[in-house]
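Student: Next up, target29.cif (mmCIF, C-alpha atoms and all ligand atoms).
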```
data_model
#
loop_
_atom_site.label_atom_id
_atom_site.label_comp_id
_atom_site.auth_asym_id
_atom_site.auth_seq_id
_atom_site.Cartn_x
_atom_site.Cartn_y
_atom_site.Cartn_z
CA MET A 1 -9.53 31.93 28.29
CA PHE A 2 -10.81 28.33 28.61
CA GLU A 3 -12.46 29.31 31.90
CA ASN A 4 -15.01 31.32 29.85
CA TYR A 5 -16.46 28.13 28.41
CA VAL A 6 -18.11 25.40 30.47
CA SER A 7 -19.00 22.16 28.71
CA PRO A 8 -22.78 21.68 28.53
CA TRP A 9 -22.51 18.16 29.95
CA MET A 10 -20.89 19.36 33.20
CA ASP A 11 -23.11 19.57 36.27
CA GLU A 12 -22.66 20.16 40.00
CA GLU A 13 -21.82 16.52 40.75
CA LEU A 14 -19.20 16.43 37.99
CA HIS A 15 -17.63 19.68 39.23
CA ILE A 16 -17.20 18.06 42.65
CA MET A 17 -15.78 14.94 41.05
CA ARG A 18 -13.41 17.02 38.88
CA ASP A 19 -12.12 18.80 41.95
CA ALA A 20 -11.48 15.49 43.75
CA VAL A 21 -9.79 13.94 40.71
CA LYS A 22 -7.60 17.02 40.25
CA LYS A 23 -6.43 16.80 43.87
CA PHE A 24 -5.86 13.04 43.62
CA VAL A 25 -3.82 13.33 40.42
CA ALA A 26 -1.76 16.24 41.82
CA LYS A 27 -0.99 14.33 45.03
CA GLU A 28 -0.66 10.72 43.90
CA PHE A 29 0.27 10.74 40.21
CA ALA A 30 1.98 13.96 39.12
CA PRO A 31 4.94 13.61 41.53
CA ARG A 32 5.60 10.09 40.23
CA ALA A 33 5.08 10.77 36.52
CA SER A 34 8.76 11.23 35.68
CA THR A 35 9.71 8.01 37.53
CA TRP A 36 7.05 6.15 35.56
CA GLU A 37 8.41 7.62 32.35
CA LYS A 38 11.92 6.45 33.16
CA GLN A 39 10.85 2.92 34.13
CA GLY A 40 8.34 2.61 31.27
CA PHE A 41 5.27 1.65 33.28
CA VAL A 42 2.90 2.88 35.97
CA ASP A 43 3.38 1.12 39.32
CA ARG A 44 0.68 -1.36 40.24
CA ASP A 45 0.02 0.35 43.58
CA ALA A 46 -1.05 3.46 41.64
CA TRP A 47 -3.84 1.40 40.09
CA LEU A 48 -4.89 0.23 43.56
CA LYS A 49 -4.86 3.81 44.86
CA ALA A 50 -6.95 4.93 41.88
CA GLY A 51 -9.34 2.08 42.64
CA GLU A 52 -9.61 3.09 46.29
CA ALA A 53 -10.36 6.66 45.26
CA GLY A 54 -13.14 5.47 42.94
CA LEU A 55 -11.39 6.51 39.75
CA LEU A 56 -11.56 3.15 37.99
CA CYS A 57 -14.64 1.90 36.15
CA ALA A 58 -16.43 5.15 36.95
CA SER A 59 -19.04 4.45 34.26
CA ILE A 60 -19.77 0.85 35.29
CA PRO A 61 -22.87 0.06 37.39
CA PRO A 62 -22.35 -0.10 41.17
CA GLU A 63 -23.60 -3.70 41.36
CA TYR A 64 -20.35 -4.64 39.57
CA GLY A 65 -18.21 -2.43 41.79
CA GLY A 66 -18.19 0.54 39.43
CA GLY A 67 -18.89 4.18 40.15
CA GLY A 68 -22.38 4.08 38.68
CA GLY A 69 -21.65 7.07 36.47
CA ASN A 70 -21.70 7.44 32.71
CA PHE A 71 -19.39 8.54 29.93
CA ARG A 72 -19.21 12.08 31.31
CA HIS A 73 -17.42 10.72 34.38
CA GLU A 74 -14.84 9.03 32.14
CA MET A 75 -14.40 12.34 30.29
CA VAL A 76 -13.55 14.15 33.51
CA LEU A 77 -10.89 11.55 34.26
CA VAL A 78 -9.35 11.69 30.78
CA GLU A 79 -9.27 15.48 30.94
CA GLU A 80 -7.77 15.78 34.40
CA LEU A 81 -4.97 13.35 33.58
CA ALA A 82 -4.23 15.37 30.42
CA TYR A 83 -4.35 18.71 32.27
CA ALA A 84 -1.79 17.33 34.74
CA ASN A 85 0.25 15.97 31.80
CA VAL A 86 0.16 12.42 33.21
CA SER A 87 0.09 10.40 30.01
CA GLY A 88 1.02 6.89 31.07
CA PHE A 89 -1.93 5.74 33.11
CA GLY A 90 -3.84 3.45 30.73
CA ASN A 91 -7.24 3.93 32.32
CA GLY A 92 -8.84 4.91 29.01
CA VAL A 93 -8.24 1.36 27.78
CA HIS A 94 -9.03 -0.23 31.15
CA SER A 95 -12.17 1.64 32.29
CA GLY A 96 -13.25 3.31 29.08
CA ILE A 97 -12.89 0.34 26.73
CA VAL A 98 -12.35 -3.15 28.22
CA ALA A 99 -14.77 -2.65 31.13
CA HIS A 100 -17.44 -1.73 28.60
CA TYR A 101 -16.88 -4.82 26.47
CA ILE A 102 -17.46 -6.83 29.63
CA ASN A 103 -20.40 -4.75 30.80
CA ASN A 104 -22.09 -4.97 27.40
CA TYR A 105 -21.37 -8.51 26.25
CA ALA A 106 -20.30 -10.68 29.20
CA SER A 107 -22.54 -13.03 31.17
CA GLU A 108 -23.67 -12.05 34.66
CA GLU A 109 -21.15 -14.48 36.13
CA GLN A 110 -18.29 -13.01 34.10
CA LYS A 111 -19.25 -9.45 35.05
CA LEU A 112 -19.28 -10.34 38.75
CA LYS A 113 -15.96 -12.13 38.37
CA TRP A 114 -14.01 -9.38 36.61
CA LEU A 115 -15.57 -5.95 36.98
CA PRO A 116 -15.29 -5.50 40.77
CA LYS A 117 -11.58 -6.36 40.63
CA MET A 118 -11.11 -4.01 37.69
CA ALA A 119 -12.79 -1.29 39.72
CA SER A 120 -10.50 -1.90 42.68
CA GLY A 121 -7.37 -2.00 40.52
CA GLU A 122 -6.57 -5.63 41.40
CA ILE A 123 -7.13 -6.48 37.75
CA ILE A 124 -5.48 -4.34 35.06
CA SER A 125 -6.92 -4.94 31.62
CA ALA A 126 -5.80 -4.60 28.01
CA ILE A 127 -7.24 -5.11 24.56
CA ALA A 128 -5.38 -7.05 21.87
CA MET A 129 -6.57 -6.34 18.36
CA THR A 130 -3.39 -5.43 16.49
CA GLU A 131 -1.00 -8.08 15.17
CA PRO A 132 2.43 -7.72 13.60
CA GLY A 133 0.87 -8.55 10.22
CA THR A 134 -2.29 -6.46 10.51
CA GLY A 135 -3.51 -3.37 12.30
CA SER A 136 -5.84 -1.29 10.19
CA ASP A 137 -7.32 -4.32 8.45
CA LEU A 138 -8.91 -5.88 11.52
CA GLN A 139 -10.77 -8.53 9.54
CA ALA A 140 -7.41 -10.02 8.54
CA VAL A 141 -6.36 -11.02 12.07
CA ALA A 142 -4.54 -14.35 12.01
CA THR A 143 -4.62 -15.31 15.70
CA THR A 144 -6.88 -18.32 16.07
CA GLY A 145 -8.99 -19.55 18.96
CA ILE A 146 -10.40 -22.95 18.11
CA LEU A 147 -12.95 -24.60 20.38
CA GLN A 148 -11.80 -27.98 21.62
CA GLY A 149 -14.21 -29.41 24.15
CA ASP A 150 -14.29 -27.17 27.21
CA HIS A 151 -11.59 -24.75 26.06
CA TYR A 152 -10.36 -22.62 23.18
CA LEU A 153 -6.87 -23.29 21.87
CA LEU A 154 -5.16 -19.98 21.08
CA ASN A 155 -2.33 -19.57 18.60
CA GLY A 156 -0.86 -16.36 17.27
CA GLN A 157 0.74 -13.09 18.21
CA LYS A 158 -0.53 -9.63 19.15
CA THR A 159 1.39 -6.38 19.38
CA PHE A 160 1.29 -2.80 20.67
CA LEU A 161 -0.95 -3.69 23.65
CA THR A 162 -1.39 -0.74 25.97
CA ASN A 163 -0.98 -2.05 29.56
CA GLY A 164 0.58 -5.12 27.91
CA GLN A 165 3.20 -5.72 30.61
CA SER A 166 0.91 -5.21 33.57
CA ALA A 167 -2.40 -6.58 32.31
CA ASN A 168 -3.87 -9.63 34.01
CA LEU A 169 -7.04 -9.66 31.91
CA ILE A 170 -6.75 -9.30 28.13
CA CYS A 171 -9.59 -9.04 25.66
CA VAL A 172 -8.16 -10.82 22.62
CA VAL A 173 -9.54 -10.58 19.08
CA VAL A 174 -9.31 -14.05 17.52
CA LYS A 175 -10.62 -15.98 14.58
CA THR A 176 -12.81 -18.76 15.91
CA ASP A 177 -13.52 -19.60 12.27
CA PRO A 178 -10.39 -18.88 10.22
CA ALA A 179 -12.24 -19.63 6.98
CA GLU A 180 -14.46 -16.59 7.52
CA SER A 181 -13.60 -12.90 7.50
CA ALA A 182 -15.54 -10.57 9.86
CA SER A 183 -18.05 -13.26 10.80
CA GLY A 184 -15.22 -15.55 11.94
CA ILE A 185 -14.07 -13.08 14.62
CA SER A 186 -14.75 -13.49 18.36
CA LEU A 187 -13.52 -11.85 21.54
CA LEU A 188 -11.93 -14.08 24.16
CA MET A 189 -11.01 -12.94 27.65
CA VAL A 190 -7.60 -14.26 28.66
CA GLU A 191 -6.93 -14.35 32.41
CA THR A 192 -3.17 -14.32 32.58
CA GLU A 193 -2.96 -16.04 35.97
CA LEU A 194 -4.54 -19.11 34.35
CA VAL A 195 -2.18 -19.23 31.39
CA GLU A 196 1.04 -17.70 32.71
CA GLY A 197 3.29 -20.51 33.85
CA ALA A 198 1.14 -23.11 32.08
CA GLY A 199 3.38 -22.72 29.03
CA GLY A 200 2.53 -21.25 25.67
CA PHE A 201 1.67 -17.73 26.83
CA SER A 202 4.40 -15.13 26.95
CA ARG A 203 4.86 -11.39 26.87
CA GLY A 204 7.48 -9.68 24.77
CA ARG A 205 9.59 -6.84 26.07
CA ASN A 206 8.18 -3.47 26.99
CA LEU A 207 8.46 -1.71 23.62
CA GLU A 208 10.48 1.52 23.47
CA LYS A 209 8.48 4.42 22.07
CA ILE A 210 9.16 8.02 21.09
CA GLY A 211 6.46 9.26 23.49
CA MET A 212 3.89 7.99 26.00
CA LYS A 213 6.90 6.62 27.81
CA ALA A 214 5.16 5.85 31.10
CA GLN A 215 2.69 3.59 29.33
CA ASP A 216 3.75 -0.04 28.94
CA THR A 217 3.25 -1.30 25.40
CA SER A 218 3.94 -4.93 24.54
CA GLU A 219 3.68 -7.88 22.27
CA ILE A 220 2.07 -11.09 23.51
CA PHE A 221 2.40 -14.59 22.15
CA PHE A 222 0.07 -17.59 22.20
CA ASP A 223 1.35 -21.05 21.45
CA ASP A 224 -1.37 -23.66 22.09
CA VAL A 225 -2.74 -21.68 25.03
CA GLU A 226 -5.90 -23.12 26.58
CA VAL A 227 -8.60 -20.62 27.52
CA PRO A 228 -11.82 -21.82 29.18
CA ALA A 229 -14.74 -21.95 26.72
CA GLU A 230 -16.82 -19.77 29.05
CA ASN A 231 -14.36 -16.88 28.51
CA LEU A 232 -15.95 -16.10 25.15
CA LEU A 233 -17.62 -12.67 25.18
CA GLY A 234 -21.20 -13.09 24.04
CA ASP A 235 -23.35 -16.18 23.79
CA THR A 236 -22.11 -17.38 20.40
CA GLU A 237 -18.96 -17.25 18.34
CA GLY A 238 -18.59 -14.85 15.42
CA LYS A 239 -19.96 -11.74 17.15
CA GLY A 240 -16.55 -10.11 17.76
CA PHE A 241 -16.45 -7.83 14.76
CA VAL A 242 -19.88 -6.40 15.46
CA GLN A 243 -18.94 -5.94 19.14
CA LEU A 244 -15.78 -4.07 18.08
CA MET A 245 -17.70 -1.85 15.67
CA GLU A 246 -20.21 -1.03 18.40
CA GLN A 247 -17.53 -0.05 20.92
CA LEU A 248 -15.03 1.73 18.66
CA PRO A 249 -16.93 5.07 18.60
CA GLN A 250 -16.49 5.29 22.38
CA GLU A 251 -12.78 4.46 22.10
CA ARG A 252 -12.39 7.12 19.40
CA LEU A 253 -14.18 9.72 21.44
CA ILE A 254 -11.92 9.02 24.44
CA ILE A 255 -8.96 9.76 22.14
CA ALA A 256 -10.66 12.94 20.89
CA ILE A 257 -11.31 14.13 24.45
CA GLY A 258 -7.66 13.53 25.30
CA ALA A 259 -6.75 15.57 22.22
CA CYS A 260 -8.92 18.51 23.31
CA ALA A 261 -7.51 18.48 26.81
CA ALA A 262 -3.96 18.29 25.45
CA MET A 263 -4.54 21.31 23.19
CA GLU A 264 -5.92 23.27 26.13
CA THR A 265 -2.99 22.25 28.34
CA ALA A 266 -0.43 23.17 25.70
CA LEU A 267 -2.04 26.59 25.25
CA ARG A 268 -2.12 27.22 29.00
CA HIS A 269 1.59 26.43 29.37
CA THR A 270 2.44 28.49 26.31
CA SER A 271 0.39 31.51 27.32
CA GLU A 272 2.23 31.64 30.64
CA TYR A 273 5.60 31.26 28.97
CA VAL A 274 5.17 33.94 26.31
CA LYS A 275 4.14 36.43 28.98
CA GLU A 276 7.35 35.78 30.94
CA ARG A 277 10.02 35.28 28.29
CA LYS A 278 11.55 38.31 26.63
CA ALA A 279 13.43 38.90 23.39
CA PHE A 280 14.50 42.21 21.82
CA GLY A 281 13.24 43.97 24.96
CA LYS A 282 9.68 42.70 24.53
CA ARG A 283 7.65 39.79 25.83
CA ILE A 284 7.33 36.98 23.24
CA LEU A 285 3.57 37.62 23.45
CA ASP A 286 4.08 41.20 22.24
CA PHE A 287 5.19 40.03 18.78
CA GLN A 288 2.25 40.06 16.42
CA ASN A 289 3.25 36.65 15.07
CA THR A 290 2.78 35.18 18.56
CA GLN A 291 -0.58 36.87 19.01
CA PHE A 292 -1.92 35.79 15.62
CA ARG A 293 -0.69 32.20 15.85
CA LEU A 294 -2.01 31.77 19.40
CA ALA A 295 -5.31 33.37 18.40
CA GLU A 296 -5.62 30.74 15.66
CA CYS A 297 -4.73 27.92 18.06
CA TYR A 298 -7.18 29.07 20.73
CA THR A 299 -9.93 29.28 18.10
CA GLU A 300 -9.23 25.78 16.78
CA ALA A 301 -9.03 24.36 20.29
CA ARG A 302 -12.43 25.90 21.05
CA ILE A 303 -13.96 24.49 17.85
CA ALA A 304 -12.58 21.06 18.78
CA ARG A 305 -14.01 21.37 22.29
CA VAL A 306 -17.48 22.33 21.09
CA PHE A 307 -17.55 19.47 18.58
CA VAL A 308 -16.31 16.90 21.09
CA ASP A 309 -18.76 18.11 23.71
CA GLU A 310 -21.57 17.60 21.23
CA CYS A 311 -20.29 14.09 20.48
CA ALA A 312 -20.10 13.34 24.21
CA VAL A 313 -23.70 14.35 24.76
CA LYS A 314 -24.70 12.15 21.81
CA LEU A 315 -22.68 9.22 23.15
CA ALA A 316 -24.29 9.53 26.58
CA ASP A 317 -27.69 9.39 24.84
CA GLY A 318 -26.60 6.35 22.77
CA LYS A 319 -26.77 8.43 19.58
CA LEU A 320 -23.14 8.83 18.52
CA ASP A 321 -22.74 7.31 15.05
CA ALA A 322 -19.48 5.81 13.79
CA THR A 323 -18.97 8.50 11.12
CA THR A 324 -19.19 11.39 13.57
CA ALA A 325 -16.88 9.60 16.01
CA ALA A 326 -14.38 9.12 13.18
CA MET A 327 -14.63 12.85 12.32
CA ALA A 328 -13.94 13.76 15.94
CA LYS A 329 -11.00 11.38 16.22
CA TRP A 330 -9.13 12.43 13.07
CA TRP A 331 -9.75 16.15 13.28
CA THR A 332 -8.99 16.69 16.95
CA THR A 333 -5.83 14.57 16.89
CA GLN A 334 -4.62 16.36 13.74
CA LYS A 335 -5.22 19.71 15.45
CA GLN A 336 -3.59 18.46 18.65
CA CYS A 337 -0.38 17.71 16.74
CA GLU A 338 -0.45 21.04 14.89
CA ILE A 339 -1.20 23.10 18.00
CA VAL A 340 1.32 21.36 20.26
CA ASP A 341 3.95 21.87 17.55
CA ALA A 342 3.04 25.56 17.20
CA CYS A 343 3.17 25.96 20.98
CA LEU A 344 6.55 24.25 21.23
CA GLN A 345 7.96 26.77 18.75
CA PHE A 346 7.24 29.63 21.18
CA PHE A 347 9.47 27.98 23.78
CA GLY A 348 12.47 28.14 21.44
CA GLY A 349 15.22 25.72 22.46
CA TYR A 350 13.58 25.07 25.83
CA GLY A 351 10.67 23.50 23.97
CA TYR A 352 13.00 20.72 22.85
CA MET A 353 14.12 19.90 26.39
CA THR A 354 12.17 17.05 27.97
CA GLU A 355 12.10 18.78 31.34
CA TYR A 356 9.59 21.17 29.78
CA PRO A 357 6.07 19.68 29.65
CA ILE A 358 5.57 20.97 26.12
CA ALA A 359 8.39 18.72 24.86
CA ARG A 360 6.74 15.63 26.36
CA MET A 361 3.38 16.72 25.00
CA PHE A 362 4.93 16.96 21.54
CA ALA A 363 6.27 13.39 21.74
CA ASP A 364 3.07 12.06 23.31
CA SER A 365 0.76 13.64 20.78
CA ARG A 366 2.12 11.90 17.68
CA VAL A 367 0.58 8.51 18.39
CA GLN A 368 -2.90 9.97 18.63
CA LYS A 369 -3.06 10.07 14.82
CA ILE A 370 -2.14 6.38 14.66
CA TYR A 371 -3.93 4.32 17.31
CA GLY A 372 -7.63 3.74 17.80
CA GLY A 373 -7.79 3.39 14.01
CA SER A 374 -5.37 5.57 12.06
CA ASN A 375 -6.58 8.93 10.76
CA GLU A 376 -6.53 7.59 7.20
CA ILE A 377 -8.93 4.84 8.27
CA MET A 378 -11.12 7.50 9.93
CA LYS A 379 -11.33 9.33 6.60
CA LEU A 380 -12.21 6.08 4.82
CA LEU A 381 -15.08 5.57 7.28
CA ILE A 382 -16.32 9.10 6.72
CA ALA A 383 -15.97 8.80 2.95
CA ARG A 384 -18.15 5.67 2.97
CA ASP A 385 -21.00 7.85 4.17
CA ILE A 386 -20.67 10.43 1.39
C1 LIG B 401 1.44 3.48 21.59
C2 LIG B 401 0.48 2.58 20.91
C3 LIG B 401 -0.51 1.96 21.66
C4 LIG B 401 -1.40 1.07 21.04
N1 LIG B 401 -2.33 0.39 21.80
C5 LIG B 401 -3.02 -0.62 21.25
C6 LIG B 401 -3.84 -1.47 22.04
O1 LIG B 401 -3.97 -1.28 23.25
N2 LIG B 401 -4.46 -2.50 21.45
C7 LIG B 401 -4.36 -2.74 20.10
O2 LIG B 401 -4.95 -3.71 19.62
N3 LIG B 401 -3.60 -1.95 19.31
C8 LIG B 401 -2.93 -0.90 19.85
N4 LIG B 401 -2.15 -0.10 19.06
C9 LIG B 401 -2.06 -0.39 17.63
C10 LIG B 401 -2.72 0.64 16.74
O3 LIG B 401 -4.11 0.62 16.89
C11 LIG B 401 -2.27 0.33 15.29
O4 LIG B 401 -0.90 0.66 15.21
C12 LIG B 401 -3.06 1.11 14.26
O5 LIG B 401 -4.39 0.64 14.19
C13 LIG B 401 -2.44 1.00 12.86
O6 LIG B 401 -2.17 -0.32 12.52
P1 LIG B 401 -0.69 -0.71 11.96
O7 LIG B 401 0.30 -0.18 12.92
O8 LIG B 401 -0.68 -2.16 11.70
O9 LIG B 401 -0.55 0.09 10.62
P2 LIG B 401 -1.00 -0.41 9.16
O10 LIG B 401 -2.36 -0.93 9.20
O11 LIG B 401 0.08 -1.28 8.61
O12 LIG B 401 -1.00 0.97 8.37
C14 LIG B 401 0.21 1.62 7.96
C15 LIG B 401 -0.17 2.96 7.31
O13 LIG B 401 -0.99 2.71 6.17
C16 LIG B 401 -2.20 3.43 6.28
N5 LIG B 401 -3.29 2.63 5.71
C17 LIG B 401 -3.64 1.36 6.01
N6 LIG B 401 -4.71 0.98 5.31
C18 LIG B 401 -5.06 2.04 4.55
C19 LIG B 401 -6.09 2.28 3.60
N7 LIG B 401 -7.01 1.37 3.31
N8 LIG B 401 -6.14 3.50 3.01
C20 LIG B 401 -5.24 4.46 3.28
N9 LIG B 401 -4.24 4.28 4.17
C21 LIG B 401 -4.16 3.10 4.80
C22 LIG B 401 -2.41 3.64 7.76
O14 LIG B 401 -3.25 4.74 8.01
C23 LIG B 401 -0.99 3.86 8.24
O15 LIG B 401 -0.65 5.21 8.02
C24 LIG B 401 -1.30 0.83 19.66
C25 LIG B 401 -0.32 1.48 18.90
C26 LIG B 401 0.57 2.34 19.50
C27 LIG B 401 1.63 2.98 18.67
#
```
Just give me the structure of the file as structure tokens.
Tutor:
Amino acid sequence: MFENYVSPWMDEELHIMRDAVKKFVAKEFAPRASTWEKQGFVDRDAWLKAGEAGLLCASIPPEYGGGGGNFRHEMVLVEELAYANVSGFGNGVHSGIVAHYINNYASEEQKLKWLPKMASGEIISAIAMTEPGTGSDLQAVATTGILQGDHYLLNGQKTFLTNGQSANLICVVVKTDPAESASGISLLMVETELVEGAGGFSRGRNLEKIGMKAQDTSEIFFDDVEVPAENLLGDTEGKGFVQLMEQLPQERLIIAIGACAAMETALRHTSEYVKERKAFGKRILDFQNTQFRLAECYTEARIARVFVDECAVKLADGKLDATTAAMAKWWTTQKQCEIVDACLQFFGGYGYMTEYPIARMFADSRVQKIYGGSNEIMKLLIARDI
């Protein structure tokens, strides 16, 4: 049924890219997905392979090693990973978020230093906003980065970092002026090879989660860690909050695209299953309850797709506002959870067994309502515009 609808932002070049990404993911990632889930992280060589294939930093200009594409190229990647049910590869954070902080706010020298290695997969990146004491209330971050001569002295703790175990470049949200709220916030790029071993920087364990098991998620600690002064993003301190607010719509849309693709994947798996499985001498699909519930799910998935496609076109034109991005994030992730749950029900007991993709999709989907700004915070943002 999804084949009847082609997103308006797709073109010939993107169809070719989609085909190549699909083949790459099927050959290089899908066969390893269950190993990554068991070990709790994606192997580093997979990042290098993705880099070689041109899958990293697809929307970063070629002069910095990127693919020279735009947000539509990132969308294809997010979708194809979701269609293959490969949930651990943290490229949304790496290419879709951190690379864009660098591309938008870093100096020419910094861009040339980090982006080409991010595009090749030699550098894996992460973003550290959340702290044990504050997540939703970003202005209340307590980690400090105080300028002392030629370096910033970092103290504090961050948590729930996607790619936290593997990252060698971390965009850290700090207070450069702890007396101030939003205007005291700056973004500092921490190169782990400079601080690891120098004392003061450490990573916590790989946190155990109920889903997204192949994605490494960690705490990090700073105890008098020295970061070169030139690793500040932007030309002056105090710009971090504005930079975050500018980039968060893109992050939220990446989550919404993942939600759409997950709904579509769940419905594909379920449609196949209900045509095969029989009860009371009939296919599960022949029960009217199945037909009606799936009809509702397909309709909602289509509505989500149309809305997200419209947001994507706006984002590519630089016209996606924060309120609309918040609408897309909360609604699609809410629907993702409802639809995956409804789909799982049609699998009966098999839906609860992790060997069935729908079971993993159920566990993976839950976090979508929490990260990237919780859905309650999305509603607050929308309500501010009323
Ligand atoms: C798997 C995973 C990966 C993550 N990756 C990253 C990452 O890479 N980098 C990063 O920085 N963070 C990351 N996070 C953190 C995530 O963004 C935060 O968990 C999220 O923003 C919520 O913050 P919190 O956990 O501190 O919850 P809290 O802020 O403590 O909120 C708790 C509950 O209260 C609600 N709430 C809070 N304030 C209000 C309010 N004003 N009105 C109504 N309700 C409210 C929230 O919606 C939530 O339901 C990740 C989290 C997970 C689980």
Student: Using only C-alpha atoms, which protein or nucleic acid residues come within 10 Å of Ile210 of chain A? Drop anything in the same chain fewer than 2 positions from it, and give the result as a list in words.
Tutor: Glu208, Met212, Lys213, Arg360, Phe362, Ala363, Asp364, Arg366 and Val367 of chain A
Student: With C-alpha atoms kept, could you save the residues just selected as a PDB file, in the frame of the given file?
Tutor:
```pdb
ATOM      1  CA  GLU A 208      10.480   1.520  23.470  1.00  0.00           C
ATOM      2  CA  MET A 212       3.890   7.990  26.000  1.00  0.00           C
ATOM      3  CA  LYS A 213       6.900   6.620  27.810  1.00  0.00           C
ATOM      4  CA  ARG A 360       6.740  15.630  26.360  1.00  0.00           C
ATOM      5  CA  PHE A 362       4.930  16.960  21.540  1.00  0.00           C
ATOM      6  CA  ALA A 363       6.270  13.390  21.740  1.00  0.00           C
ATOM      7  CA  ASP A 364       3.070  12.060  23.310  1.00  0.00           C
ATOM      8  CA  ARG A 366       2.120  11.900  17.680  1.00  0.00           C
ATOM      9  CA  VAL A 367       0.580   8.510  18.390  1.00  0.00           C
TER      10      VAL A 367
END
```
Student: Counting all atoms listed in the file, what residues are within 10 Å of ligand LIG 401 (chain B), given as an MDAnalysis selection string?
Tutor: chainID A and resid 90 92:94 97:98 125:138 158:164 170:173 207:213 215:219 364 366:381
Student: Determine, counting all atoms listed in the file, which protein, DNA and RNA residues have an atom within 9 Å of an atom of Asn103 of chain A; residues of the same chain fewer than 6 positions away are not included. Present the result as a PDB file with C-alpha atoms, in the coordinates of the input.
Tutor:
```pdb
ATOM      1  CA  ILE A  60     -19.770   0.850  35.290  1.00  0.00           C
ATOM      2  CA  PRO A  61     -22.870   0.060  37.390  1.00  0.00           C
ATOM      3  CA  TYR A  64     -20.350  -4.640  39.570  1.00  0.00           C
ATOM      4  CA  LYS A 111     -19.250  -9.450  35.050  1.00  0.00           C
ATOM      5  CA  LEU A 115     -15.570  -5.950  36.980  1.00  0.00           C
TER       6      LEU A 115
END
```
Student: How close does each residue of segment 178-264 of chain A get to segment 316-333 of chain A, giving the shortest atom pair and distance in Å to one decimal for every residue with an atom at most 9 Å away, counting only C-alpha atoms, sorted by chain and residue number, as a tab-separated table?
Tutor:
```
residue	atom	partner	partner_atom	distance
A:Met245	CA	A:Ala322	CA	8.1
A:Glu246	CA	A:Ala322	CA	8.3
A:Leu248	CA	A:Ala322	CA	7.8
A:Pro249	CA	A:Ala325	CA	5.2
A:Gln250	CA	A:Ala325	CA	7.7
A:Glu251	CA	A:Ala325	CA	9.0
A:Arg252	CA	A:Lys329	CA	5.5
A:Leu253	CA	A:Ala325	CA	6.1
A:Ile254	CA	A:Lys329	CA	8.6
A:Ile255	CA	A:Lys329	CA	6.5
A:Ala256	CA	A:Lys329	CA	4.9
A:Ile257	CA	A:Thr332	CA	8.3
A:Gly258	CA	A:Thr333	CA	8.7
A:Ala259	CA	A:Thr333	CA	5.5
A:Cys260	CA	A:Thr332	CA	6.6
A:Met263	CA	A:Thr332	CA	8.9
```
Student: Residues within 7 Å of segment 80-87 of chain A, please, as JSON, numbers by chain. Count all atoms listed in the file; anything in the same chain fewer than 3 positions from it doesn't count.
Tutor: {"A": [21, 22, 25, 30, 33, 76, 77, 212, 214, 258, 261, 262, 265]}
Student: Would you pick out the contacts of segment 290-301 of chain A at 7 Å or less, using all atoms listed in the file, so that residues sharing its chain but fewer than 2 positions from it are not included, and give the list as number ranges by chain?
Tutor: A: 260, 263-264, 284-285, 287-288, 303-305, 339
Student: What does the structure give for the distance between atom CA of Cys311 of chain A and atom CA of Asp385 of chain A, in Å to one decimal?
Tutor: 17.5 Å
Student: With distances taken over all atoms listed in the file, which residue among A:Glu122, A:Glu108, A:Asp309, A:Asp341 lies nearest Trp9 of chain A?
Tutor: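 Of A:Glu122, A:Glu108, A:Asp309, A:Asp341, the one nearest Trp9 of chain A, counting all atoms listed in the file, is A:Asp309.
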Student: With distances taken over only C-alpha atoms, which residue among A:Gly234, A:Pro31, A:Pro357, A:Pro228 lies nearest Asn104 of chain A?
Tutor: A:Gly234
Student: Name all residues at most 12 Å from Arg44 of chain A (count only C-alpha atoms; drop same-chain ones fewer than 4 positions away) and give them as number ranges by chain.
Tutor: A: 36, 48-51, 89-90, 120-124, 163, 165-168, 216
Student: Would you mind reading off the distance between atom CA of Gly40 of chain A and atom CA of Leu55 of chain A, one decimal, in Å?
Tutor: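 These two atoms are separated by 21.8 Å.
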Student: Would you kindly identify which residues have an atom no farther than 9 Å from (-10.7, -22.3, 19.5), using only C-alpha atoms and the file's own coordinates, and write them out as a PyMOL selection string?
Tutor: chain A and resi 144-148+151-155+174-177+226-227+229
Student: Identify which of the residues A:Met361, A:Gly238, A:Phe71, A:Tyr105 lies closest to Gly88 of chain A, counting only C-alpha atoms when measuring atom-to-atom distances.
Tutor: A:Met361
Student: Which of these residues is nearest to Ser7 of chain A, using all atoms listed in the file: A:Ala106, A:Gly349, A:Ser181, A:Phe307?
Tutor: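 Checking each candidate against Ser7 of chain A, we get A:Phe307 as the closest.
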Student: Mind pulling up the distance from atom CA of Leu188 of chain A to atom CA of Leu112 of chain A?
Tutor: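 These two atoms are separated by 16.8 Å.
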Student: For Val274 of chain A, which residue out of A:Leu232, A:Gln345, A:Glu310, A:Gly199 is the nearest one, using only C-alpha atoms?
Tutor: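 Among the listed residues, A:Gln345 lies closest to Val274 of chain A.
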Student: In terms of the shortest atom-to-atom distance over all atoms listed in the file, which of A:Phe29, A:Glu191, A:Ile16, A:Phe221 is closest to Arg205 of chain A?
Tutor: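 Smallest distance to Arg205 of chain A is found for A:Phe221.
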